[in-house]
$ cat work-v7.cif   # mmCIF, C-alpha atoms
data_work
loop_
_atom_site.label_atom_id
_atom_site.label_comp_id
_atom_site.auth_asym_id
_atom_site.auth_seq_id
_atom_site.Cartn_x
_atom_site.Cartn_y
_atom_site.Cartn_z
CA MET A 105 9.55 9.59 18.50
CA TYR A 106 8.40 8.85 14.97
CA ALA A 107 5.53 10.52 13.11
CA VAL A 108 3.23 8.07 11.33
CA THR A 109 0.59 9.09 8.80
CA GLY A 110 -2.27 6.79 7.81
CA ILE A 111 -2.31 5.26 11.28
CA THR A 112 -6.04 4.50 11.15
CA GLY A 113 -5.52 2.30 8.06
CA GLN A 114 -3.98 -1.13 7.58
CA VAL A 115 -0.41 -0.15 6.75
CA GLY A 116 -0.08 2.87 9.02
CA SER A 117 -1.42 0.89 11.97
CA ALA A 118 1.05 -1.91 11.22
CA VAL A 119 3.93 0.59 11.17
CA ALA A 120 2.85 2.18 14.45
CA SER A 121 2.30 -1.18 16.15
CA SER A 122 5.74 -2.37 15.06
CA LEU A 123 7.39 0.79 16.38
CA LEU A 124 5.62 0.41 19.73
CA ASP A 125 6.62 -3.26 19.89
CA MET A 126 10.22 -2.16 19.32
CA GLY A 127 10.03 0.20 22.30
CA GLN A 128 9.72 3.40 20.28
CA THR A 129 7.26 6.26 20.76
CA VAL A 130 4.82 7.35 18.06
CA ARG A 131 3.13 10.56 17.00
CA ALA A 132 -0.09 9.64 15.19
CA VAL A 133 -0.83 12.09 12.39
CA VAL A 134 -4.58 11.98 11.80
CA ARG A 135 -7.25 14.09 10.17
CA ASN A 136 -9.84 13.18 12.80
CA PRO A 137 -8.49 12.72 16.35
CA GLU A 138 -11.70 10.90 17.33
CA ARG A 139 -10.59 7.99 15.16
CA ALA A 140 -7.27 7.81 17.01
CA ARG A 141 -8.58 7.25 20.53
CA ASP A 142 -7.20 3.71 20.63
CA TRP A 143 -3.76 5.02 19.70
CA ALA A 144 -3.92 7.68 22.39
CA ALA A 145 -4.72 4.88 24.85
CA LYS A 146 -1.51 3.19 23.69
CA THR A 147 0.42 6.33 24.73
CA CYS A 148 0.76 7.71 21.20
CA GLU A 149 0.90 11.47 20.83
CA ILE A 150 -1.89 12.72 18.55
CA ALA A 151 -1.28 15.40 15.90
CA GLN A 152 -4.24 16.65 13.88
CA ALA A 153 -3.36 17.31 10.24
CA ASP A 154 -4.34 16.34 6.72
CA PHE A 155 -2.63 16.45 3.35
CA ALA A 156 -4.26 19.75 2.42
CA ASP A 157 -2.79 21.70 5.36
CA SER A 158 0.95 22.32 5.10
CA GLN A 159 1.15 24.23 8.38
CA ALA A 160 -0.49 21.42 10.37
CA LEU A 161 1.74 18.87 8.67
CA THR A 162 4.80 20.96 9.47
CA ARG A 163 3.90 20.90 13.16
CA ALA A 164 3.25 17.14 12.99
CA PHE A 165 6.61 16.46 11.33
CA THR A 166 8.70 18.73 13.58
CA GLY A 167 10.80 17.37 16.42
CA VAL A 168 10.67 13.68 15.47
CA GLY A 169 13.31 11.09 14.61
CA GLY A 170 11.67 10.26 11.29
CA VAL A 171 8.41 10.39 9.36
CA PHE A 172 6.43 7.59 7.75
CA ILE A 173 4.39 8.89 4.82
CA LEU A 174 1.44 7.08 3.36
CA ILE A 175 -0.50 8.91 0.65
CA PRO A 176 -4.24 8.20 1.07
CA PRO A 177 -5.22 5.57 -1.53
CA MET A 178 -6.97 7.01 -4.58
CA PHE A 179 -8.64 4.21 -6.52
CA ASP A 180 -10.79 6.45 -8.72
CA PRO A 181 -8.63 9.51 -9.46
CA SER A 182 -9.41 12.33 -11.85
CA PRO A 183 -7.54 12.26 -15.18
CA GLY A 184 -3.98 13.47 -14.73
CA PHE A 185 -4.00 12.73 -10.98
CA PRO A 186 -4.57 16.32 -9.75
CA GLU A 187 -5.49 15.10 -6.27
CA VAL A 188 -2.14 13.43 -5.72
CA ARG A 189 -0.21 16.29 -7.31
CA ALA A 190 -1.80 18.69 -4.81
CA MET A 191 -0.84 16.42 -1.89
CA ILE A 192 2.74 16.21 -3.11
CA GLY A 193 2.98 20.00 -3.19
CA THR A 194 1.64 20.30 0.35
CA LEU A 195 3.96 17.56 1.61
CA ARG A 196 7.03 19.20 0.10
CA ILE A 197 6.25 22.50 1.80
CA ALA A 198 5.73 20.79 5.16
CA LEU A 199 8.78 18.55 4.96
CA GLU A 200 11.10 21.34 3.83
CA ALA A 201 9.90 23.42 6.78
CA ALA A 202 10.02 20.63 9.38
CA ARG A 203 13.24 19.05 8.11
CA PRO A 204 12.89 15.63 9.76
CA PRO A 205 16.14 13.62 9.85
CA LYS A 206 14.72 10.88 7.61
CA ILE A 207 11.59 9.82 5.72
CA VAL A 208 10.16 6.43 4.84
CA CYS A 209 7.48 6.71 2.16
CA LEU A 210 5.20 3.87 1.13
CA SER A 211 5.40 3.33 -2.62
CA THR A 212 4.54 0.38 -4.83
CA ILE A 213 5.81 -2.31 -7.11
CA GLY A 214 5.80 -0.78 -10.58
CA ALA A 215 6.30 2.81 -9.41
CA GLN A 216 8.97 3.12 -12.10
CA ALA A 217 6.66 1.98 -14.94
CA THR A 218 6.24 4.55 -17.70
CA GLN A 219 3.04 3.05 -19.12
CA PRO A 220 -0.11 4.87 -17.94
CA ASN A 221 -1.81 3.15 -15.00
CA LEU A 222 -3.17 3.76 -11.49
CA LEU A 223 0.20 3.24 -9.81
CA ASN A 224 1.67 6.23 -11.66
CA GLN A 225 0.37 8.19 -8.67
CA LEU A 226 3.09 6.77 -6.45
CA GLY A 227 5.64 7.23 -9.19
CA LEU A 228 4.73 10.92 -9.05
CA VAL A 229 5.17 10.87 -5.27
CA GLU A 230 8.65 9.42 -5.65
CA GLN A 231 9.56 12.03 -8.24
CA GLY A 232 8.15 14.84 -6.14
CA LEU A 233 9.91 13.90 -2.91
CA ALA A 234 13.18 12.41 -4.18
CA ALA A 235 14.97 15.76 -4.35
CA LEU A 236 14.30 16.67 -0.73
CA PRO A 237 17.62 17.43 1.03
CA PHE A 238 17.51 14.66 3.62
CA PRO A 239 17.51 10.84 3.66
CA ILE A 240 14.42 9.25 2.14
CA ALA A 241 13.54 5.61 1.53
CA PHE A 242 10.77 4.61 -0.86
CA LEU A 243 9.29 1.31 0.25
CA ARG A 244 7.90 -0.36 -2.88
CA ALA A 245 5.45 -2.98 -1.67
CA ALA A 246 3.95 -5.81 -3.72
CA TRP A 247 0.21 -6.46 -4.16
CA PHE A 248 -1.38 -6.41 -0.70
CA MET A 249 -2.58 -9.83 0.45
CA GLU A 250 -5.28 -7.98 2.38
CA ASN A 251 -6.89 -6.99 -0.93
CA SER A 252 -8.46 -10.45 -0.67
CA ARG A 253 -10.87 -9.19 1.98
CA TRP A 254 -13.15 -8.54 -0.99
CA ASP A 255 -12.94 -12.25 -1.85
CA VAL A 256 -14.19 -13.68 1.43
CA ALA A 257 -17.92 -13.55 0.64
CA ALA A 258 -17.36 -14.98 -2.84
CA ALA A 259 -15.15 -17.75 -1.46
CA ARG A 260 -17.88 -18.70 1.00
CA ALA A 261 -20.23 -19.00 -1.98
CA GLY A 262 -17.72 -21.28 -3.72
CA THR A 263 -16.40 -19.10 -6.54
CA MET A 264 -13.67 -16.44 -6.43
CA PRO A 265 -13.67 -14.00 -9.38
CA SER A 266 -10.17 -13.01 -10.50
CA PHE A 267 -8.97 -9.95 -12.38
CA LEU A 268 -5.43 -11.31 -12.06
CA GLN A 269 -4.90 -13.45 -15.13
CA PRO A 270 -3.91 -16.00 -16.25
CA ILE A 271 -4.97 -17.64 -13.02
CA GLU A 272 -1.93 -19.97 -13.16
CA LYS A 273 0.45 -16.99 -13.00
CA ALA A 274 2.11 -16.28 -9.65
CA VAL A 275 1.79 -12.70 -8.41
CA PRO A 276 4.19 -10.91 -6.02
CA MET A 277 2.25 -10.20 -2.83
CA ILE A 278 2.93 -9.01 0.70
CA ALA A 279 1.14 -8.87 4.05
CA THR A 280 0.66 -5.46 5.62
CA ALA A 281 2.21 -6.77 8.84
CA ASP A 282 5.46 -7.34 6.96
CA ILE A 283 5.27 -3.83 5.50
CA GLY A 284 4.83 -2.43 9.00
CA ARG A 285 7.81 -4.31 10.40
CA LEU A 286 10.13 -3.28 7.58
CA ALA A 287 9.02 0.37 7.63
CA ALA A 288 9.58 0.53 11.40
CA LYS A 289 13.04 -1.00 10.96
CA LEU A 290 13.94 1.47 8.20
CA LEU A 291 12.86 4.43 10.32
CA GLN A 292 15.44 3.40 12.92
CA GLU A 293 18.30 3.05 10.43
CA SER A 294 20.75 5.71 9.30
CA TRP A 295 21.64 6.41 5.66
CA SER A 296 22.20 9.27 3.27
CA GLY A 297 20.43 10.15 0.05
CA ARG A 298 17.68 8.08 -1.56
CA ARG A 299 16.93 4.38 -1.11
CA ILE A 300 14.48 2.19 -2.97
CA VAL A 301 13.50 -0.88 -0.95
CA GLU A 302 11.34 -3.52 -2.64
CA LEU A 303 9.25 -5.91 -0.55
CA GLU A 304 7.39 -9.11 -1.40
CA SER A 305 6.62 -12.40 0.36
CA ARG A 306 8.91 -15.39 0.06
CA HIS A 307 6.42 -17.20 -2.15
CA ARG A 308 4.48 -15.64 -4.99
CA VAL A 309 0.85 -16.74 -5.18
CA THR A 310 -1.42 -17.65 -8.10
CA PRO A 311 -5.17 -16.93 -8.04
CA ILE A 312 -5.69 -20.70 -8.08
CA GLU A 313 -3.56 -21.03 -4.92
CA MET A 314 -5.50 -18.19 -3.30
CA ALA A 315 -8.77 -20.06 -3.87
CA ALA A 316 -7.20 -23.26 -2.53
CA ALA A 317 -6.14 -21.45 0.64
CA PHE A 318 -9.68 -20.19 1.21
CA ALA A 319 -10.98 -23.70 0.54
CA ARG A 320 -8.79 -25.13 3.31
CA ILE A 321 -9.81 -22.38 5.72
CA LEU A 322 -13.54 -22.61 4.94
CA GLY A 323 -13.63 -26.37 4.60
CA ARG A 324 -15.40 -26.29 1.26
CA GLU A 325 -14.56 -26.28 -2.44
CA VAL A 326 -13.62 -22.88 -3.85
CA ARG A 327 -12.84 -22.40 -7.51
CA THR A 328 -11.32 -19.45 -9.34
CA GLU A 329 -13.36 -17.76 -12.07
CA VAL A 330 -11.77 -15.42 -14.62
CA VAL A 331 -13.49 -12.04 -14.97
CA VAL A 332 -13.48 -11.45 -18.75
CA ARG A 333 -11.34 -8.42 -19.67
CA LYS A 334 -13.93 -6.79 -21.95
CA THR A 335 -16.43 -6.61 -19.07
CA TRP A 336 -14.19 -4.68 -16.70
CA HIS A 337 -15.03 -1.11 -17.73
CA ASP A 338 -18.78 -1.48 -17.47
CA LEU A 339 -18.45 -3.50 -14.27
CA PHE A 340 -16.34 -0.83 -12.58
CA VAL A 341 -18.69 1.93 -13.72
CA THR A 342 -21.61 -0.04 -12.29
CA GLN A 343 -19.70 -0.20 -9.00
CA GLY A 344 -19.53 3.60 -8.95
CA MET A 345 -16.18 4.43 -10.55
CA LYS A 346 -16.04 7.60 -12.66
CA ASN A 347 -12.64 6.97 -14.22
CA PRO A 348 -11.94 3.22 -14.30
CA THR A 349 -9.26 3.39 -17.02
CA PRO A 350 -6.22 3.74 -14.68
CA ARG A 351 -7.38 0.75 -12.63
CA ILE A 352 -7.84 -1.34 -15.77
CA GLN A 353 -4.38 -0.29 -16.97
CA MET A 354 -2.90 -1.33 -13.61
CA LEU A 355 -4.48 -4.78 -13.83
CA ASP A 356 -3.20 -5.09 -17.39
CA GLY A 357 0.27 -4.22 -16.09
CA PHE A 358 0.23 -7.02 -13.54
CA ASN A 359 -1.22 -9.49 -16.03
CA GLU A 360 1.14 -8.55 -18.88
CA GLY A 361 4.17 -8.38 -16.61
CA TRP A 362 5.26 -4.77 -17.01
CA ILE A 363 4.25 -3.86 -13.47
CA THR A 364 7.13 -5.53 -11.71
CA PHE A 365 10.04 -4.79 -9.41
CA GLU A 366 12.86 -2.67 -10.78
CA ARG A 367 15.66 -4.70 -9.14
CA ASP A 368 18.56 -2.68 -10.60
CA GLY A 369 19.89 -0.28 -7.96
CA THR A 370 17.34 -1.34 -5.36
CA GLU A 371 17.25 -3.38 -2.17
CA HIS A 372 15.00 -6.44 -2.35
CA VAL A 373 13.52 -7.79 0.89
CA LEU A 374 11.36 -10.88 1.48
CA GLY A 375 8.53 -10.91 4.00
CA GLU A 376 7.68 -13.90 6.19
CA THR A 377 3.86 -13.97 6.31
CA PRO A 378 2.24 -16.59 4.01
CA PHE A 379 -0.98 -15.82 2.14
CA GLU A 380 -2.96 -18.44 4.06
CA THR A 381 -2.24 -16.70 7.37
CA VAL A 382 -3.68 -13.45 6.03
CA ALA A 383 -6.65 -15.21 4.42
CA ALA A 384 -7.51 -16.94 7.70
CA GLU A 385 -7.48 -13.62 9.52
CA LEU A 386 -9.70 -12.05 6.85
CA VAL A 387 -12.21 -14.87 7.25
CA ARG A 388 -12.12 -14.47 11.04
CA ARG A 389 -12.75 -10.73 10.81
CA ALA A 390 -15.61 -11.22 8.36
CA GLY A 391 -17.35 -13.41 10.94
#

$ encode --input "work-v7.cif" --output "C-alpha cells"
Amino acid sequence: MYAVTGITGQVGSAVASSLLDMGQTVRAVVRNPERARDWAAKTCEIAQADFADSQALTRAFTGVGGVFILIPPMFDPSPGFPEVRAMIGTLRIALEAARPPKIVCLSTIGAQATQPNLLNQLGLVEQGLAALPFPIAFLRAAWFMENSRWDVAAARAGTMPSFLQPIEKAVPMIATADIGRLAAKLLQESWSGRRIVELESRHRVTPIEMAAAFARILGREVRTEVVVRKTWHDLFVTQGMKNPTPRIQMLDGFNEGWITFERDGTEHVLGETPFETVAAELVRRAG
C-alpha cells in the first residue's frame, strides 16, 4: 500500500489512479473524507489528516510501502513563505516518526534557483526533507499543461493572453497524467539516498503553438496576445492577490530563462502526452 497526499487534486489523483492501474493499493490522505468518497469506492483506504497535524500525518504514513507528498499549492503566499515553512516542520515530525521506506515528493523545475520567486517554496521543501534518513526522490515537474484550463474561455473568444514571453519561445511543459505515471513508478522502485528526477514532455511548446492547438480543437482562429509586463502587478491585485511579487518573479524566471532544469546530477525523463491532447480534454470538461 502507498500513501498519497493531494489525492483530490489533479496530480494526486493521477498518482493514485496510476498506482491502482498497476495493481497496487492506495491510502488516500485527505483533510476532508467527504471529498474522497469516490476513492473509497475504488477500494482506497481513507486516512484523515492535514499538513498542520503531525500526529494524524504520522498515522497516515505508518505501515505503507512509500509516501507521495504534494504540498498544497500556494499561489499567493505571505512574504518569506511562513505557510510552507510550517508545513515542512510538521511533515518532518510525521515522517521521522512514521519512517516510511521511501518518499516521492512533487517538486518543480527551477527548485534549485537562487533568485527570489514563487517556486522557492518547493526549493525550501527539498532542503527541509533532503536530510531525512531514508530514500527520497524529488520529482521536478515542468510547467503543467493543465494550467491552460484558464485559457479555454479566452480561446473560445479568439484571443489567448500570454504571460509567457516572448510568445515564440518554447516552454518545458508536462501533463499531469505523465507526472502520475512516473510518480507511481518511482514509488515502486528501490534506491538509497536522494534522487532528483526531472520531467517534461517530449516537445516543448510556445504560446503561439498553444493557441494553434486550441484553434484546431475549437475550429476557429485563435491568436496569442502578450500581456504587457508593467500591467501584471495591478492586474494580479485586481484579481485578489495580496502579494503578487513572487508570482511575477516566477514568470520572469521562465521568460528570462533562469527557471530551468538543473540537469547536472539529475535524472531527466520525457513524458508522452502532447499539449493538444490535454487542451482537447480541457475544452471537453469546460463544456

$ residues_near_point --input "work-v7.cif" --point "(0.6, 11.7, 10.4)" --cutoff "10 Å" --atoms "only C-alpha atoms" --output "MDAnalysis selection string"
chainID A and resid 106:112 116 130:135 150:155 160:161 164:165 171:174

$ atom_distance --input "work-v7.cif" --atom1 "atom CA of Thr263 of chain A" --atom2 "atom CA of Pro350 of chain A"
26.3 Å

$ resolve_selection --input "work-v7.cif" --expression "the PyMOL selection byres ((chain A and resi 364) around 9)" --output "mmCIF file with C-alpha atoms, in the coordinates of the input"
data_model
loop_
_atom_site.group_PDB
_atom_site.id
_atom_site.type_symbol
_atom_site.label_atom_id
_atom_site.label_comp_id
_atom_site.auth_asym_id
_atom_site.auth_seq_id
_atom_site.Cartn_x
_atom_site.Cartn_y
_atom_site.Cartn_z
ATOM 1 C CA ILE A 213 5.810 -2.310 -7.110
ATOM 2 C CA GLY A 214 5.800 -0.780 -10.580
ATOM 3 C CA ALA A 215 6.300 2.810 -9.410
ATOM 4 C CA GLN A 216 8.970 3.120 -12.100
ATOM 5 C CA ALA A 217 6.660 1.980 -14.940
ATOM 6 C CA ALA A 246 3.950 -5.810 -3.720
ATOM 7 C CA PRO A 276 4.190 -10.910 -6.020
ATOM 8 C CA GLY A 357 0.270 -4.220 -16.090
ATOM 9 C CA PHE A 358 0.230 -7.020 -13.540
ATOM 10 C CA GLY A 361 4.170 -8.380 -16.610
ATOM 11 C CA TRP A 362 5.260 -4.770 -17.010
ATOM 12 C CA ILE A 363 4.250 -3.860 -13.470
ATOM 13 C CA PHE A 365 10.040 -4.790 -9.410
ATOM 14 C CA GLU A 366 12.860 -2.670 -10.780
ATOM 15 C CA ARG A 367 15.660 -4.700 -9.140
#

$ resolve_selection --input "work-v7.cif" --expression "the PyMOL selection byres ((chain A and resi 143) around 10)" --output "VMD selection string"
chain A and resid 111 to 112 117 120 to 121 130 to 132 137 139 to 142 144 to 150

$ closest_residue --input "work-v7.cif" --among "A:Leu124, A:Ala274, A:Ala198, A:Ala315" --to "Lys289 of chain A" --atoms "all atoms listed in the file"
A:Leu124

$ residues_around --input "work-v7.cif" --residues "Gly297 of chain A" --least-positions-apart "4" --cutoff "8 Å" --atoms "all atoms listed in the file" --output "ChimeraX atom specification"
/A:237-240

$ axis_aligned_box --input "work-v7.cif" --around "segment 368-376 of chain A" --padding-each-side "4 Å" --output "lines of an AutoDock Vina configuration file"
center_x = 13.8
center_y = -7.1
center_z = -2.2
size_x = 20.2
size_y = 21.6
size_z = 24.8

$ residues_around --input "work-v7.cif" --residues "His307 of chain A" --least-positions-apart "2" --cutoff "8 Å" --atoms "all atoms listed in the file" --output "number ranges by chain"
A: 276, 305, 309, 378

$ resolve_selection --input "work-v7.cif" --expression "the PyMOL selection byres ((chain A and resi 376) around 7)" --output "list in words"
Asp282, Ser305, Arg306, Leu374, Gly375, Thr377 and Pro378 of chain A

$ decode --input "work-v7.cif" --residues "segment 143-154 of chain A" --atoms "all heavy atoms" --output "PDB file, in the first residue's frame"
ATOM      1  N   TRP A 143     -12.855   7.781  -4.073  1.00  0.00           N
ATOM      2  CA  TRP A 143     -11.664   6.953  -3.884  1.00  0.00           C
ATOM      3  C   TRP A 143     -11.968   5.776  -2.964  1.00  0.00           C
ATOM      4  O   TRP A 143     -11.448   4.662  -3.170  1.00  0.00           O
ATOM      5  CB  TRP A 143     -10.515   7.797  -3.333  1.00  0.00           C
ATOM      6  CG  TRP A 143     -10.043   8.784  -4.344  1.00  0.00           C
ATOM      7  CD1 TRP A 143     -10.284  10.127  -4.377  1.00  0.00           C
ATOM      8  CD2 TRP A 143      -9.292   8.489  -5.525  1.00  0.00           C
ATOM      9  NE1 TRP A 143      -9.718  10.692  -5.499  1.00  0.00           N
ATOM     10  CE2 TRP A 143      -9.107   9.714  -6.224  1.00  0.00           C
ATOM     11  CE3 TRP A 143      -8.758   7.318  -6.077  1.00  0.00           C
ATOM     12  CZ2 TRP A 143      -8.402   9.790  -7.428  1.00  0.00           C
ATOM     13  CZ3 TRP A 143      -8.052   7.394  -7.277  1.00  0.00           C
ATOM     14  CH2 TRP A 143      -7.885   8.614  -7.934  1.00  0.00           C
ATOM     15  N   ALA A 144     -12.822   5.986  -1.989  1.00  0.00           N
ATOM     16  CA  ALA A 144     -13.238   4.870  -1.145  1.00  0.00           C
ATOM     17  C   ALA A 144     -13.969   3.826  -1.979  1.00  0.00           C
ATOM     18  O   ALA A 144     -13.797   2.608  -1.782  1.00  0.00           O
ATOM     19  CB  ALA A 144     -14.125   5.369  -0.015  1.00  0.00           C
ATOM     20  N   ALA A 145     -14.768   4.300  -2.933  1.00  0.00           N
ATOM     21  CA  ALA A 145     -15.494   3.375  -3.818  1.00  0.00           C
ATOM     22  C   ALA A 145     -14.545   2.583  -4.705  1.00  0.00           C
ATOM     23  O   ALA A 145     -14.903   1.510  -5.206  1.00  0.00           O
ATOM     24  CB  ALA A 145     -16.491   4.157  -4.670  1.00  0.00           C
ATOM     25  N   LYS A 146     -13.337   3.115  -4.910  1.00  0.00           N
ATOM     26  CA  LYS A 146     -12.325   2.409  -5.704  1.00  0.00           C
ATOM     27  C   LYS A 146     -11.434   1.541  -4.818  1.00  0.00           C
ATOM     28  O   LYS A 146     -10.340   1.150  -5.235  1.00  0.00           O
ATOM     29  CB  LYS A 146     -11.466   3.414  -6.465  1.00  0.00           C
ATOM     30  CG  LYS A 146     -12.238   4.217  -7.511  1.00  0.00           C
ATOM     31  CD  LYS A 146     -11.344   5.258  -8.167  1.00  0.00           C
ATOM     32  CE  LYS A 146     -12.116   6.082  -9.181  1.00  0.00           C
ATOM     33  NZ  LYS A 146     -11.285   7.146  -9.810  1.00  0.00           N
ATOM     34  N   THR A 147     -11.880   1.276  -3.602  1.00  0.00           N
ATOM     35  CA  THR A 147     -11.211   0.410  -2.623  1.00  0.00           C
ATOM     36  C   THR A 147     -10.010   1.062  -1.950  1.00  0.00           C
ATOM     37  O   THR A 147      -9.230   0.373  -1.295  1.00  0.00           O
ATOM     38  CB  THR A 147     -10.777  -0.948  -3.228  1.00  0.00           C
ATOM     39  OG1 THR A 147      -9.656  -0.746  -4.104  1.00  0.00           O
ATOM     40  CG2 THR A 147     -11.921  -1.613  -3.983  1.00  0.00           C
ATOM     41  N   CYS A 148      -9.856   2.371  -2.079  1.00  0.00           N
ATOM     42  CA  CYS A 148      -8.771   3.049  -1.371  1.00  0.00           C
ATOM     43  C   CYS A 148      -9.096   3.150   0.117  1.00  0.00           C
ATOM     44  O   CYS A 148     -10.248   3.372   0.503  1.00  0.00           O
ATOM     45  CB  CYS A 148      -8.549   4.455  -1.917  1.00  0.00           C
ATOM     46  SG  CYS A 148      -7.899   4.514  -3.594  1.00  0.00           S
ATOM     47  N   GLU A 149      -8.084   2.991   0.938  1.00  0.00           N
ATOM     48  CA  GLU A 149      -8.221   3.246   2.364  1.00  0.00           C
ATOM     49  C   GLU A 149      -8.164   4.766   2.572  1.00  0.00           C
ATOM     50  O   GLU A 149      -7.360   5.448   1.930  1.00  0.00           O
ATOM     51  CB  GLU A 149      -7.084   2.556   3.118  1.00  0.00           C
ATOM     52  CG  GLU A 149      -7.116   2.732   4.620  1.00  0.00           C
ATOM     53  CD  GLU A 149      -5.953   2.020   5.281  1.00  0.00           C
ATOM     54  OE1 GLU A 149      -5.756   0.813   4.997  1.00  0.00           O
ATOM     55  OE2 GLU A 149      -5.226   2.672   6.057  1.00  0.00           O
ATOM     56  N   ILE A 150      -8.982   5.300   3.455  1.00  0.00           N
ATOM     57  CA  ILE A 150      -9.035   6.739   3.670  1.00  0.00           C
ATOM     58  C   ILE A 150      -8.410   7.081   5.025  1.00  0.00           C
ATOM     59  O   ILE A 150      -8.782   6.493   6.053  1.00  0.00           O
ATOM     60  CB  ILE A 150     -10.486   7.267   3.627  1.00  0.00           C
ATOM     61  CG1 ILE A 150     -11.181   6.820   2.338  1.00  0.00           C
ATOM     62  CG2 ILE A 150     -10.491   8.787   3.743  1.00  0.00           C
ATOM     63  CD1 ILE A 150     -10.516   7.281   1.066  1.00  0.00           C
ATOM     64  N   ALA A 151      -7.448   8.016   5.011  1.00  0.00           N
ATOM     65  CA  ALA A 151      -6.827   8.493   6.237  1.00  0.00           C
ATOM     66  C   ALA A 151      -7.030  10.000   6.329  1.00  0.00           C
ATOM     67  O   ALA A 151      -6.629  10.736   5.434  1.00  0.00           O
ATOM     68  CB  ALA A 151      -5.336   8.170   6.243  1.00  0.00           C
ATOM     69  N   GLN A 152      -7.675  10.444   7.398  1.00  0.00           N
ATOM     70  CA  GLN A 152      -7.938  11.878   7.562  1.00  0.00           C
ATOM     71  C   GLN A 152      -6.744  12.548   8.228  1.00  0.00           C
ATOM     72  O   GLN A 152      -6.327  12.168   9.323  1.00  0.00           O
ATOM     73  CB  GLN A 152      -9.192  12.107   8.393  1.00  0.00           C
ATOM     74  CG  GLN A 152      -9.575  13.579   8.522  1.00  0.00           C
ATOM     75  CD  GLN A 152     -10.901  13.782   9.226  1.00  0.00           C
ATOM     76  OE1 GLN A 152     -11.493  12.835   9.744  1.00  0.00           O
ATOM     77  NE2 GLN A 152     -11.375  15.017   9.238  1.00  0.00           N
ATOM     78  N   ALA A 153      -6.186  13.549   7.543  1.00  0.00           N
ATOM     79  CA  ALA A 153      -5.033  14.285   8.072  1.00  0.00           C
ATOM     80  C   ALA A 153      -4.833  15.531   7.237  1.00  0.00           C
ATOM     81  O   ALA A 153      -5.250  15.589   6.081  1.00  0.00           O
ATOM     82  CB  ALA A 153      -3.766  13.428   8.044  1.00  0.00           C
ATOM     83  N   ASP A 154      -4.210  16.540   7.839  1.00  0.00           N
ATOM     84  CA  ASP A 154      -3.789  17.696   7.040  1.00  0.00           C
ATOM     85  C   ASP A 154      -2.381  18.084   7.457  1.00  0.00           C
ATOM     86  O   ASP A 154      -1.803  17.500   8.378  1.00  0.00           O
ATOM     87  CB  ASP A 154      -4.779  18.871   7.150  1.00  0.00           C
ATOM     88  CG  ASP A 154      -4.882  19.432   8.562  1.00  0.00           C
ATOM     89  OD1 ASP A 154      -3.840  19.533   9.257  1.00  0.00           O
ATOM     90  OD2 ASP A 154      -5.996  19.813   8.968  1.00  0.00           O
TER      91      ASP A 154
END
